[in-house]
>>> print(open('structure_30.txt').read())   # compact mmCIF, C-alpha atoms
# COMPACT_ATOMS: atom_id res chain seq x y z
CA ILE A 256 238.34 171.44 -10.85
CA SER A 257 235.72 171.98 -13.57
CA VAL A 258 236.92 175.55 -14.13
CA LEU A 259 240.55 174.43 -14.30
CA LEU A 260 239.89 171.56 -16.68
CA TYR A 261 236.98 172.80 -18.79
CA ASP A 262 236.83 176.56 -18.16
CA ARG A 263 233.24 176.42 -16.91
CA ALA A 264 231.35 175.92 -13.66
CA PRO A 265 229.89 172.43 -13.12
CA TYR A 266 226.41 173.84 -12.54
CA GLU A 267 223.98 176.36 -14.04
CA ASN A 268 222.33 177.60 -10.83
CA VAL A 269 223.12 177.62 -7.15
CA VAL A 270 220.24 177.49 -4.68
CA CYS A 271 221.29 178.95 -1.33
CA LEU A 272 218.97 178.20 1.58
CA GLY A 273 218.62 180.33 4.68
CA LEU A 274 218.67 179.06 8.24
CA ILE A 275 215.64 177.72 10.09
CA LEU A 276 215.31 179.54 13.39
CA ASP A 277 213.38 178.72 16.55
CA ASN A 278 210.72 180.95 18.10
CA ASP A 279 213.42 183.02 19.83
CA GLY A 280 215.20 183.73 16.56
CA GLN A 281 218.05 181.35 17.36
CA LYS A 282 219.54 178.95 14.81
CA MET A 283 218.21 175.45 15.33
CA SER A 284 220.94 173.17 16.63
CA LYS A 285 221.05 169.74 18.22
CA SER A 286 223.62 171.02 20.70
CA LYS A 287 221.22 173.77 21.82
CA GLY A 288 218.32 171.34 22.00
CA ASN A 289 216.01 173.68 20.09
CA VAL A 290 215.40 171.52 17.02
CA VAL A 291 211.98 170.27 15.90
CA GLU A 292 211.71 166.53 15.40
CA PRO A 293 210.79 166.18 11.68
CA TRP A 294 208.87 162.92 11.91
CA THR A 295 206.66 164.25 14.71
CA VAL A 296 205.66 167.25 12.58
CA ILE A 297 205.22 165.11 9.46
CA GLU A 298 202.97 162.69 11.34
CA LYS A 299 200.91 165.59 12.65
CA TYR A 300 200.51 167.66 9.46
CA GLY A 301 201.73 165.55 6.55
CA ALA A 302 204.77 166.09 4.35
CA ASP A 303 202.94 168.10 1.67
CA ALA A 304 201.89 170.85 4.08
CA ILE A 305 205.45 171.16 5.43
CA ARG A 306 206.97 171.21 1.94
CA PHE A 307 204.62 173.97 0.76
CA TYR A 308 205.29 175.98 3.93
CA LEU A 309 209.07 175.79 3.50
CA MET A 310 209.11 176.31 -0.26
CA GLY A 311 206.69 179.21 -0.07
CA GLY A 312 208.74 181.06 2.54
CA THR A 313 211.85 183.21 2.59
CA LEU A 314 214.05 180.15 3.18
CA MET A 315 214.25 179.47 -0.57
CA LYS A 316 215.64 182.98 -1.15
CA GLY A 317 218.61 182.42 1.11
CA GLU A 318 216.97 184.31 3.98
CA ASP A 319 216.47 183.03 7.51
CA MET A 320 213.03 181.74 8.46
CA THR A 321 211.46 181.31 11.88
CA PHE A 322 209.81 177.88 12.04
CA SER A 323 206.16 178.03 12.99
CA GLU A 324 203.51 175.33 13.10
CA ALA A 325 200.98 178.10 12.42
CA GLY A 326 202.62 178.53 9.02
CA ILE A 327 202.14 174.84 8.26
CA GLN A 328 198.50 175.11 9.31
CA GLU A 329 198.14 178.08 6.93
CA SER A 330 199.43 175.88 4.08
CA ILE A 331 196.73 173.34 4.87
CA LYS A 332 194.07 176.04 5.08
CA ARG A 333 195.01 177.92 1.90
CA VAL A 334 196.30 175.12 -0.34
CA LEU A 335 195.59 171.51 0.61
CA LEU A 336 192.03 171.99 1.87
CA PRO A 337 190.92 174.20 -1.07
CA LEU A 338 192.43 171.70 -3.53
CA TRP A 339 190.79 168.77 -1.76
CA ASN A 340 187.44 170.54 -1.39
CA SER A 341 187.31 171.42 -5.09
CA TYR A 342 188.09 167.79 -5.95
CA THR A 343 185.42 166.37 -3.61
CA PHE A 344 182.85 168.82 -5.00
CA PHE A 345 183.66 167.67 -8.52
CA ALA A 346 183.71 163.96 -7.61
CA THR A 347 180.40 164.15 -5.71
CA TYR A 348 178.39 165.54 -8.63
CA ALA A 349 180.27 163.60 -11.31
CA ASN A 350 179.37 160.37 -9.52
CA ILE A 351 175.73 161.43 -9.15
CA ASP A 352 175.48 162.15 -12.89
CA GLY A 353 177.63 159.22 -13.93
CA TRP A 354 179.93 161.62 -15.78
CA GLU A 355 183.24 160.13 -16.91
CA PHE A 356 186.15 161.90 -18.56
CA THR A 357 186.71 161.31 -22.27
CA ASP A 358 187.98 164.63 -23.62
CA TYR A 359 187.50 168.40 -23.39
CA SER A 360 185.69 168.79 -26.70
CA THR A 361 182.45 170.43 -25.48
CA ALA A 362 182.28 174.08 -26.59
CA LYS A 363 183.03 176.44 -23.70
CA THR A 364 180.49 179.26 -24.02
CA HIS A 365 179.87 180.08 -20.35
CA GLU A 366 181.81 183.15 -19.22
CA LEU A 367 182.93 181.52 -15.97
CA ASP A 368 184.44 178.61 -17.93
CA THR A 369 186.24 181.05 -20.22
CA TRP A 370 187.52 182.95 -17.20
CA ILE A 371 188.84 180.01 -15.13
CA ILE A 372 190.63 178.53 -18.18
CA SER A 373 192.10 181.97 -18.88
CA ARG A 374 193.23 182.26 -15.26
CA LEU A 375 194.63 178.72 -15.41
CA HIS A 376 196.85 179.50 -18.38
CA THR A 377 197.86 182.80 -16.80
CA LEU A 378 198.91 180.75 -13.76
CA ILE A 379 200.84 178.28 -15.94
CA GLN A 380 202.64 181.18 -17.59
CA ASP A 381 203.48 182.88 -14.28
CA THR A 382 204.49 179.59 -12.63
CA ARG A 383 206.91 178.69 -15.42
CA ILE A 384 208.51 182.14 -15.24
CA SER A 385 208.89 182.10 -11.45
CA MET A 386 210.09 178.47 -11.33
CA ASP A 387 212.65 179.12 -14.07
CA ALA A 388 213.88 182.01 -11.91
CA TYR A 389 213.95 179.72 -8.83
CA ASP A 390 211.45 182.05 -7.15
CA LEU A 391 209.31 179.43 -5.42
CA GLN A 392 207.80 181.96 -3.02
CA LYS A 393 206.22 183.75 -5.97
CA THR A 394 205.06 180.39 -7.37
CA CYS A 395 203.37 179.43 -4.11
CA ASP A 396 201.70 182.84 -3.74
CA ALA A 397 200.23 182.59 -7.26
CA ILE A 398 198.91 179.08 -6.57
CA MET A 399 197.19 180.21 -3.36
CA VAL A 400 195.49 183.12 -5.14
CA PHE A 401 194.30 180.82 -7.92
CA LEU A 402 192.88 178.18 -5.56
CA ASP A 403 190.99 180.89 -3.68
CA GLY A 404 189.41 182.07 -6.93
CA LEU A 405 188.63 178.50 -7.99
CA ASN A 406 186.73 177.69 -4.79
CA ASN A 407 185.28 181.01 -3.73
CA TRP A 408 184.31 182.29 -7.17
CA TYR A 409 184.23 179.68 -9.94
CA ILE A 410 182.79 176.73 -8.01
CA ARG A 411 180.57 178.78 -5.72
CA ARG A 412 179.04 180.73 -8.60
CA ASN A 413 178.65 177.56 -10.67
CA ARG A 414 176.78 175.44 -8.13
CA ARG A 415 173.45 175.74 -9.94
CA ARG A 416 174.98 174.35 -13.14
CA PHE A 417 176.06 171.22 -11.28
CA TRP A 418 172.74 170.96 -9.40
CA ARG A 419 170.68 170.72 -12.58
CA SER A 420 169.24 167.26 -13.17
CA GLU A 421 169.79 167.27 -16.94
CA LEU A 422 173.31 166.49 -18.20
CA ASP A 423 173.12 168.96 -21.09
CA ALA A 424 175.95 170.58 -23.05
CA ASP A 425 176.33 173.41 -20.53
CA LYS A 426 176.69 170.99 -17.63
CA LYS A 427 179.16 168.86 -19.61
CA SER A 428 181.15 172.02 -20.26
CA ALA A 429 181.24 172.71 -16.50
CA TYR A 430 182.43 169.16 -15.74
CA GLU A 431 185.10 169.24 -18.45
CA THR A 432 186.32 172.67 -17.37
CA LEU A 433 186.61 171.78 -13.69
CA HIS A 434 188.23 168.44 -14.53
CA GLU A 435 190.82 170.13 -16.76
CA VAL A 436 191.60 172.70 -14.09
CA LEU A 437 192.02 170.07 -11.36
CA VAL A 438 194.21 167.80 -13.48
CA THR A 439 196.41 170.73 -14.49
CA MET A 440 196.66 171.88 -10.87
CA THR A 441 197.95 168.44 -9.81
CA LYS A 442 200.73 168.81 -12.39
CA LEU A 443 201.59 172.37 -11.35
CA LEU A 444 201.68 171.44 -7.66
CA ALA A 445 203.37 168.05 -8.08
CA PRO A 446 206.95 169.30 -7.48
CA ILE A 447 205.88 171.01 -4.26
CA CYS A 448 203.15 168.70 -2.89
CA PRO A 449 203.99 165.29 -4.41
CA PHE A 450 201.67 163.06 -2.38
CA ILE A 451 198.22 164.64 -2.57
CA THR A 452 198.76 165.49 -6.24
CA GLU A 453 199.59 161.85 -7.03
CA HIS A 454 196.42 160.66 -5.29
CA LEU A 455 194.17 163.23 -6.97
CA TYR A 456 195.70 162.77 -10.44
CA GLN A 457 195.22 159.01 -10.39
CA ASN A 458 191.61 159.40 -9.22
CA LEU A 459 190.79 162.12 -11.76
CA MET A 460 192.33 160.24 -14.67
CA ASN A 461 191.27 156.77 -13.42
CA THR A 462 194.81 155.51 -13.88
CA THR A 463 197.73 154.00 -11.99
CA ASP A 464 200.19 156.17 -13.94
CA SER A 465 202.09 158.76 -11.92
CA VAL A 466 201.56 162.50 -12.21
CA HIS A 467 205.32 162.81 -11.75
CA LEU A 468 205.89 161.12 -15.11
CA THR A 469 203.67 163.58 -17.01
CA ASP A 470 204.88 166.71 -18.79
CA PHE A 471 204.75 169.97 -16.90
CA PRO A 472 201.86 172.12 -18.26
CA THR A 473 202.56 174.53 -21.09
CA VAL A 474 200.75 177.83 -21.59
CA ASN A 475 198.34 178.41 -24.46
CA LYS A 476 198.31 182.19 -24.78
CA LYS A 477 195.28 182.05 -27.07
CA LEU A 478 193.22 180.95 -24.08
CA ILE A 479 194.25 183.94 -21.95
CA ASN A 480 191.46 186.52 -22.13
CA LEU A 481 192.64 189.71 -20.45
CA ASP A 482 189.25 191.40 -20.72
CA VAL A 483 187.47 188.55 -18.93
CA ASN A 484 190.25 188.39 -16.33
CA GLN A 485 189.85 192.11 -15.61
CA LYS A 486 186.06 191.87 -15.45
CA MET A 487 186.18 189.11 -12.85
CA THR A 488 188.90 190.95 -10.91
CA ASP A 489 186.66 194.04 -10.81
CA LEU A 490 183.70 191.99 -9.59
CA GLN A 491 185.72 190.20 -6.94
CA ASN A 492 187.24 193.43 -5.60
CA LEU A 493 183.88 195.21 -5.51
CA THR A 494 182.31 192.20 -3.83
CA ASN A 495 185.03 192.08 -1.16
CA LEU A 496 184.58 195.80 -0.46
CA GLY A 497 180.81 195.42 -0.27
CA LEU A 498 181.08 192.49 2.14
CA ALA A 499 183.50 194.51 4.25
CA ILE A 500 180.85 197.26 4.51
CA ARG A 501 178.29 194.68 5.61
CA GLY A 502 180.65 193.48 8.33
CA ARG A 503 181.37 197.03 9.45
CA GLU A 504 177.69 197.94 9.56
CA LYS A 505 176.72 194.59 11.14
CA LEU A 506 174.43 193.63 8.24
CA ARG A 507 174.48 189.86 7.67
CA VAL A 508 174.95 188.75 4.07
CA ARG A 509 171.56 186.99 3.94
CA GLN A 510 169.81 190.31 4.64
CA PRO A 511 168.80 191.86 1.27
CA LEU A 512 169.55 195.55 0.78
CA ARG A 513 167.96 198.08 -1.53
CA ALA A 514 170.95 199.14 -3.66
CA ALA A 515 174.70 199.37 -4.17
CA THR A 516 176.35 202.45 -5.66
CA ILE A 517 179.60 202.16 -7.64
CA THR A 518 181.75 204.37 -9.86
CA LEU A 519 182.86 201.67 -12.29
CA GLU A 520 181.01 200.97 -15.54
CA LEU A 521 179.79 197.36 -15.72
CA ASP A 522 177.90 195.46 -18.41
CA ASP A 523 174.50 193.92 -17.67
CA SER A 524 175.82 190.47 -16.74
CA ALA A 525 178.41 191.98 -14.40
CA ARG A 526 175.74 194.11 -12.69
CA GLU A 527 173.57 191.04 -12.22
CA THR A 528 176.50 189.12 -10.73
CA LEU A 529 177.45 191.93 -8.34
CA ALA A 530 173.84 192.37 -7.21
CA GLU A 531 173.63 188.65 -6.47
CA GLU A 532 176.97 188.56 -4.65
CA LEU A 533 176.09 191.53 -2.45
CA ASN A 534 172.41 190.55 -2.10
CA VAL A 535 171.11 193.94 -3.29
CA LYS A 536 168.13 194.74 -5.47
CA GLU A 537 169.77 197.35 -7.72
CA ILE A 538 173.19 198.57 -8.88
CA HIS A 539 173.56 202.34 -9.32
CA ILE A 540 176.53 203.70 -11.29
CA VAL A 541 177.64 207.31 -10.64
CA GLN A 542 180.57 209.41 -11.87
CA ASP A 543 181.72 210.30 -8.35
CA VAL A 544 180.50 209.92 -4.78
CA SER A 545 181.08 213.48 -3.54
CA ASP A 546 177.33 214.00 -3.18
CA TYR A 547 177.20 211.23 -0.58
CA VAL A 548 180.49 211.36 1.34
CA THR A 549 183.48 213.49 2.26
CA ILE A 550 186.70 211.75 1.21
CA THR A 551 189.99 212.13 3.07
CA TYR A 552 193.26 210.26 2.68
CA SER A 553 195.85 208.95 5.12
CA PRO A 554 199.30 208.56 3.51
CA ASP A 555 201.75 205.91 4.72
CA ALA A 556 204.57 208.13 5.97
CA LYS A 557 206.98 205.21 6.31
CA LYS A 558 206.69 204.18 2.66
CA ILE A 559 206.80 207.75 1.36
CA GLY A 560 209.73 208.60 3.64
CA ALA A 561 211.81 205.88 2.00
CA THR A 562 211.68 207.76 -1.32
CA GLU A 563 212.71 211.18 -2.64
CA ARG A 564 209.18 212.40 -1.91
CA LYS A 565 210.04 212.67 1.80
CA GLN A 566 211.16 216.27 1.22
CA TRP A 567 207.53 217.21 0.53
CA MET A 568 206.12 215.01 3.31
CA LYS A 569 204.46 217.85 5.24
CA THR A 570 202.53 219.08 2.17
CA ILE A 571 201.58 215.54 1.11
CA ILE A 572 200.15 214.62 4.51
CA SER A 573 198.31 217.89 5.12
CA ASP A 574 196.73 218.02 1.66
CA ALA A 575 195.77 214.34 1.71
CA LYS A 576 194.10 214.62 5.12
CA ALA A 577 192.23 217.69 3.84
CA GLY A 578 190.77 215.57 1.05
CA LYS A 579 192.72 217.28 -1.68
CA GLY A 580 194.03 215.27 -4.60
CA ASN A 581 192.74 213.32 -7.56
CA LEU A 582 191.96 209.63 -7.18
CA THR A 583 192.69 208.00 -10.55
CA PRO A 584 190.92 204.96 -12.06
CA GLU A 585 194.14 203.00 -11.48
CA GLY A 586 193.82 203.61 -7.74
CA THR A 587 196.67 206.12 -7.40
CA LEU A 588 196.35 209.50 -5.70
CA GLU A 589 197.69 212.61 -7.46
CA LEU A 590 198.51 215.56 -5.21
CA THR A 591 199.52 219.04 -6.34
CA VAL A 592 202.99 219.92 -5.01
CA PRO A 593 204.44 222.95 -6.87
CA GLU A 594 208.01 222.20 -5.73
CA ALA A 595 207.94 218.64 -7.11
CA PRO A 596 208.79 217.67 -10.71
CA GLU A 597 205.81 218.38 -12.99
CA GLY A 598 204.18 220.08 -9.99
CA LYS A 599 202.65 216.90 -8.57
CA VAL A 600 203.31 213.82 -6.46
CA VAL A 601 201.68 210.44 -7.14
CA LEU A 602 200.97 207.98 -4.32
CA ALA A 603 200.60 204.31 -5.24
CA ALA A 604 197.48 202.44 -4.16
CA ASP A 605 199.31 200.79 -1.23
CA GLU A 606 200.78 204.11 -0.01
CA PHE A 607 197.58 205.59 1.38
CA GLU A 608 194.15 204.71 2.74
CA ALA A 609 190.92 206.50 1.85
CA ALA A 610 188.26 207.30 4.44
CA TYR A 611 184.64 207.95 3.41
CA THR A 612 182.58 209.99 5.89
CA PRO A 613 178.82 210.08 5.06
CA LYS A 614 177.35 213.54 4.58
CA SER A 615 174.38 214.62 6.66
CA GLY A 616 171.24 212.78 5.65
CA SER A 617 173.02 210.08 3.61
CA THR A 618 172.10 206.45 4.36
CA ILE A 619 174.78 204.99 2.10
CA ALA A 620 177.90 203.49 3.69
CA PHE A 621 180.98 203.63 1.45
CA ALA A 622 184.34 201.89 1.23
CA GLY A 623 187.16 202.11 -1.27
CA SER A 624 190.50 200.52 -2.09
CA ALA A 625 192.94 200.49 -5.02
CA GLY A 626 190.68 202.60 -7.22
CA TYR A 627 187.46 200.72 -6.40
CA VAL A 628 184.65 202.56 -4.60
CA ILE A 629 181.32 201.11 -3.53
CA GLY A 630 178.49 202.11 -1.20
CA LEU A 631 175.57 200.15 0.24
CA ASP A 632 172.19 201.61 1.18
CA THR A 633 171.80 200.44 4.78
CA THR A 634 168.12 201.35 5.30
CA LEU A 635 165.70 198.45 5.77
CA ASP A 636 161.94 198.42 5.27
CA GLU A 637 159.53 195.65 6.34
CA ALA A 638 159.70 193.80 3.01
CA LEU A 639 163.50 193.64 3.07
CA THR A 640 163.50 192.62 6.74
CA PHE A 641 161.11 189.70 6.21
CA GLU A 642 163.01 188.58 3.12
CA GLY A 643 166.10 188.42 5.32
CA TYR A 644 164.23 186.26 7.83
CA ALA A 645 163.21 183.93 4.99
CA ARG A 646 166.82 183.47 3.94
CA ASP A 647 167.79 182.77 7.54
CA MET A 648 165.09 180.11 7.65
CA ILE A 649 166.39 178.47 4.47
CA ARG A 650 169.90 178.42 5.92
CA GLY A 651 168.56 176.76 9.08
CA ILE A 652 166.81 174.09 7.02
CA GLN A 653 169.99 173.37 5.05
CA ASP A 654 172.01 173.10 8.25
CA ALA A 655 169.42 170.67 9.67
CA ARG A 656 169.75 168.50 6.53
CA LYS A 657 173.49 168.22 7.10
CA GLU A 658 173.12 167.46 10.81
CA LEU A 659 170.59 164.69 10.06
CA GLY A 660 172.91 163.14 7.48
CA PHE A 661 170.77 163.62 4.37
CA GLN A 662 172.48 163.45 0.98
CA VAL A 663 172.35 166.06 -1.76
CA MET A 664 169.88 164.04 -3.84
CA ASP A 665 167.47 163.27 -0.96
CA ARG A 666 164.01 164.94 -1.20
CA LEU A 667 162.28 165.73 2.09
CA GLN A 668 158.89 166.82 3.40
CA LEU A 669 159.02 170.05 5.40
CA ALA A 670 156.57 171.35 8.03
CA LEU A 671 156.80 174.84 9.55
CA THR A 672 154.94 176.21 12.57
CA SER A 673 154.96 179.61 14.25
CA GLU A 674 153.32 181.19 17.28
CA ASN A 675 152.84 184.57 15.60
CA GLU A 676 151.95 186.03 12.23
CA MET A 677 155.57 186.49 11.14
CA LEU A 678 155.78 183.08 9.41
CA GLY A 679 152.88 183.95 7.12
CA LYS A 680 154.54 187.21 6.12
CA ILE A 681 157.83 185.46 5.48
CA LEU A 682 156.24 182.75 3.35
>>> encode(input="structure_30.txt", output="structure tokens")
Amino acid sequence: ISVLLYDRAPYENVVCLGLILDNDGQKMSKSKGNVVEPWTVIEKYGADAIRFYLMGGTLMKGEDMTFSEAGIQESIKRVLLPLWNSYTFFATYANIDGWEFTDYSTAKTHELDTWIISRLHTLIQDTRISMDAYDLQKTCDAIMVFLDGLNNWYIRRNRRRFWRSELDADKKSAYETLHEVLVTMTKLLAPICPFITEHLYQNLMNTTDSVHLTDFPTVNKKLINLDVNQKMTDLQNLTNLGLAIRGREKLRVRQPLRAATITLELDDSARETLAEELNVKEIHIVQDVSDYVTITYSPDAKKIGATERKQWMKTIISDAKAGKGNLTPEGTLELTVPEAPEGKVVLAADEFEAAYTPKSGSTIAFAGSAGYVIGLDTTLDEALTFEGYARDMIRGIQDARKELGFQVMDRLQLALTSENEMLGKIL
């Protein structure tokens, strides 16, 4: 009717939803008796978790989606709990210090503050673009990545700033930064998780006004610092690789190691951060790791076979497994194939895996991914071993504090006894 009368459609966008399927891949239907009772699931998990699960899935792209309670649990684990945990961390220390929000005027000089604000405005920018394109799956993915960085990098690496007794300018900056991030996150998440965001916004702003009546955040591109973003990305990726090596070699994180070897240039502050994250004494930077390991590559034949490069598949696989090729700083692998255009074939970072086999006599265990390479010296002497025991002891004491119900500000007397000489060496 609108086209006939006004020569235009009565809408600007059409959102087509897919079908929700049961565990057997069948369309949910009352007649089949395979439907899930909504109120039962809402009572069990809450509406916000279900909304995020559905909006973050393929359903919003017009594709079918198999309903799974495990997916709802994943929404709680990766979104609601990280958001709530970051809020409770902030509220706990703000109440201890008697800090109250007035404005965000304190100068932000700490690199972590600069980074999280930069990441926040990058998120705002990406969220607006994906929401305007009705790509809610991309929106939800970006939010999950941000919340992981907020909790597992910004807050974790900032704990000492909040633990300090003096409410100086640096600590005020930390409070203001975390407060701004949390308030902005409630606004970004409000359309998807309306209930928890309302609760947190009103608590953070000490108001009865609704978050749903506020303006959606706008990006300030001047606050996006690409250099700082890249630096923290490098550190996080190297840290994850280093921790993966520890897991593979069965070396607990609290056990100090002698050194880490990397191929990426880092400034002094970045080296210090990486050494602390990986619990190593030194960071060694080398041009390549060929002196320590033999590198071979395993291409993903399925991904390569879906492209024009499949005609050179035999050469690509044989040369890659022989360790031939050039691994670029961007994480791609260049292989010489005379028959191909320009005489080479380039594999993207997700189209192959690198394997690092230690050479005879090497005590350094390596791992690499997407252009990042790192190795850990796995040898332990007595000093390193006892230092590891000391850290285990500290962890045990902290766990005992929690079990006994002591608060963060409580000061305790501690007595240690041992039946051998090890305690004296540890202390």
>>> residues_around(input="structure_30.txt", residues="segment 387-392 of chain A", least_positions_apart="6", cutoff="8 Å", atoms="all atoms listed in the file", output="MDAnalysis selection string")
chainID A and resid 270 310:313 315:316
>>> closest_residue(input="structure_30.txt", among="A:Ser330, A:Ile451, A:Thr473, A:Ser341", to="Leu378 of chain A", atoms="all atoms listed in the file")
A:Thr473
>>> residues_around(input="structure_30.txt", residues="segment 663-666 of chain A", least_positions_apart="5", cutoff="10 Å", atoms="all atoms listed in the file", output="PyMOL selection string")
chain A and resi 347-348+351+418+420+656-657
>>> residues_around(input="structure_30.txt", residues="Lys442 of chain A", least_positions_apart="4", cutoff="9 Å", atoms="all atoms listed in the file", output="PDB file with C-alpha atoms, in the coordinates of the input")
ATOM      1  CA  LEU A 437     192.020 170.070 -11.360  1.00  0.00           C
ATOM      2  CA  VAL A 438     194.210 167.800 -13.480  1.00  0.00           C
ATOM      3  CA  PRO A 446     206.950 169.300  -7.480  1.00  0.00           C
ATOM      4  CA  THR A 452     198.760 165.490  -6.240  1.00  0.00           C
ATOM      5  CA  GLU A 453     199.590 161.850  -7.030  1.00  0.00           C
ATOM      6  CA  TYR A 456     195.700 162.770 -10.440  1.00  0.00           C
ATOM      7  CA  VAL A 466     201.560 162.500 -12.210  1.00  0.00           C
ATOM      8  CA  HIS A 467     205.320 162.810 -11.750  1.00  0.00           C
ATOM      9  CA  THR A 469     203.670 163.580 -17.010  1.00  0.00           C
ATOM     10  CA  ASP A 470     204.880 166.710 -18.790  1.00  0.00           C
ATOM     11  CA  PHE A 471     204.750 169.970 -16.900  1.00  0.00           C
ATOM     12  CA  PRO A 472     201.860 172.120 -18.260  1.00  0.00           C
TER      13      PRO A 472
END
>>> atom_distance(input="structure_30.txt", atom1="atom CA of Val334 of chain A", atom2="atom CA of Ala397 of chain A")
10.9 Å
>>> atom_distance(input="structure_30.txt", atom1="atom CA of Ile372 of chain A", atom2="atom CA of Thr441 of chain A")
15.0 Å
>>> closest_atom_pairs(input="structure_30.txt", of="segment 327-395 of chain A", to="segment 510-528 of chain A", cutoff="12 Å", atoms="all atoms listed in the file", output="CSV")
residue,atom,partner,partner_atom,distance
A:His365,CA,A:Ser524,CA,11.7
A:Glu366,CA,A:Ser524,CA,9.8
A:Leu367,CA,A:Thr528,CA,11.2
>>> atom_distance(input="structure_30.txt", atom1="atom CA of Leu422 of chain A", atom2="atom CA of Trp370 of chain A")
21.8 Å
>>> residues_around(input="structure_30.txt", residues="segment 488-492 of chain A", least_positions_apart="2", cutoff="10 Å", atoms="only C-alpha atoms", output="number ranges by chain")
A: 404, 407-408, 482-486, 494-498, 519, 521, 525-526, 528-529, 532, 623-629
>>> residues_around(input="structure_30.txt", residues="segment 559-565 of chain A", least_positions_apart="2", cutoff="10 Å", atoms="only C-alpha atoms", output="VMD selection string")
chain A and resid 554 to 557 567 to 571 595 600 to 603 606 to 607
>>> closest_residue(input="structure_30.txt", among="A:Glu318, A:Glu292, A:Glu431, A:Asp425", to="Trp354 of chain A", atoms="all atoms listed in the file")
A:Glu431
>>> residues_near_point(input="structure_30.txt", point="(200.3, 178.5, -9.0)", cutoff="12 Å", atoms="all atoms listed in the file", output="mmCIF file with C-alpha atoms, in the coordinates of the input")
data_model
loop_
_atom_site.group_PDB
_atom_site.id
_atom_site.type_symbol
_atom_site.label_atom_id
_atom_site.label_comp_id
_atom_site.auth_asym_id
_atom_site.auth_seq_id
_atom_site.Cartn_x
_atom_site.Cartn_y
_atom_site.Cartn_z
ATOM 1 C CA PHE A 307 204.620 173.970 0.760
ATOM 2 C CA GLY A 311 206.690 179.210 -0.070
ATOM 3 C CA VAL A 334 196.300 175.120 -0.340
ATOM 4 C CA LEU A 338 192.430 171.700 -3.530
ATOM 5 C CA ARG A 374 193.230 182.260 -15.260
ATOM 6 C CA LEU A 375 194.630 178.720 -15.410
ATOM 7 C CA HIS A 376 196.850 179.500 -18.380
ATOM 8 C CA THR A 377 197.860 182.800 -16.800
ATOM 9 C CA LEU A 378 198.910 180.750 -13.760
ATOM 10 C CA ILE A 379 200.840 178.280 -15.940
ATOM 11 C CA GLN A 380 202.640 181.180 -17.590
ATOM 12 C CA ASP A 381 203.480 182.880 -14.280
ATOM 13 C CA THR A 382 204.490 179.590 -12.630
ATOM 14 C CA ARG A 383 206.910 178.690 -15.420
ATOM 15 C CA ILE A 384 208.510 182.140 -15.240
ATOM 16 C CA SER A 385 208.890 182.100 -11.450
ATOM 17 C CA MET A 386 210.090 178.470 -11.330
ATOM 18 C CA ASP A 390 211.450 182.050 -7.150
ATOM 19 C CA LEU A 391 209.310 179.430 -5.420
ATOM 20 C CA GLN A 392 207.800 181.960 -3.020
ATOM 21 C CA LYS A 393 206.220 183.750 -5.970
ATOM 22 C CA THR A 394 205.060 180.390 -7.370
ATOM 23 C CA CYS A 395 203.370 179.430 -4.110
ATOM 24 C CA ASP A 396 201.700 182.840 -3.740
ATOM 25 C CA ALA A 397 200.230 182.590 -7.260
ATOM 26 C CA ILE A 398 198.910 179.080 -6.570
ATOM 27 C CA MET A 399 197.190 180.210 -3.360
ATOM 28 C CA VAL A 400 195.490 183.120 -5.140
ATOM 29 C CA PHE A 401 194.300 180.820 -7.920
ATOM 30 C CA LEU A 402 192.880 178.180 -5.560
ATOM 31 C CA ASP A 403 190.990 180.890 -3.680
ATOM 32 C CA GLY A 404 189.410 182.070 -6.930
ATOM 33 C CA LEU A 405 188.630 178.500 -7.990
ATOM 34 C CA VAL A 436 191.600 172.700 -14.090
ATOM 35 C CA THR A 439 196.410 170.730 -14.490
ATOM 36 C CA MET A 440 196.660 171.880 -10.870
ATOM 37 C CA THR A 441 197.950 168.440 -9.810
ATOM 38 C CA LYS A 442 200.730 168.810 -12.390
ATOM 39 C CA LEU A 443 201.590 172.370 -11.350
ATOM 40 C CA LEU A 444 201.680 171.440 -7.660
ATOM 41 C CA ALA A 445 203.370 168.050 -8.080
ATOM 42 C CA PRO A 446 206.950 169.300 -7.480
ATOM 43 C CA ILE A 447 205.880 171.010 -4.260
ATOM 44 C CA CYS A 448 203.150 168.700 -2.890
ATOM 45 C CA PRO A 472 201.860 172.120 -18.260
#
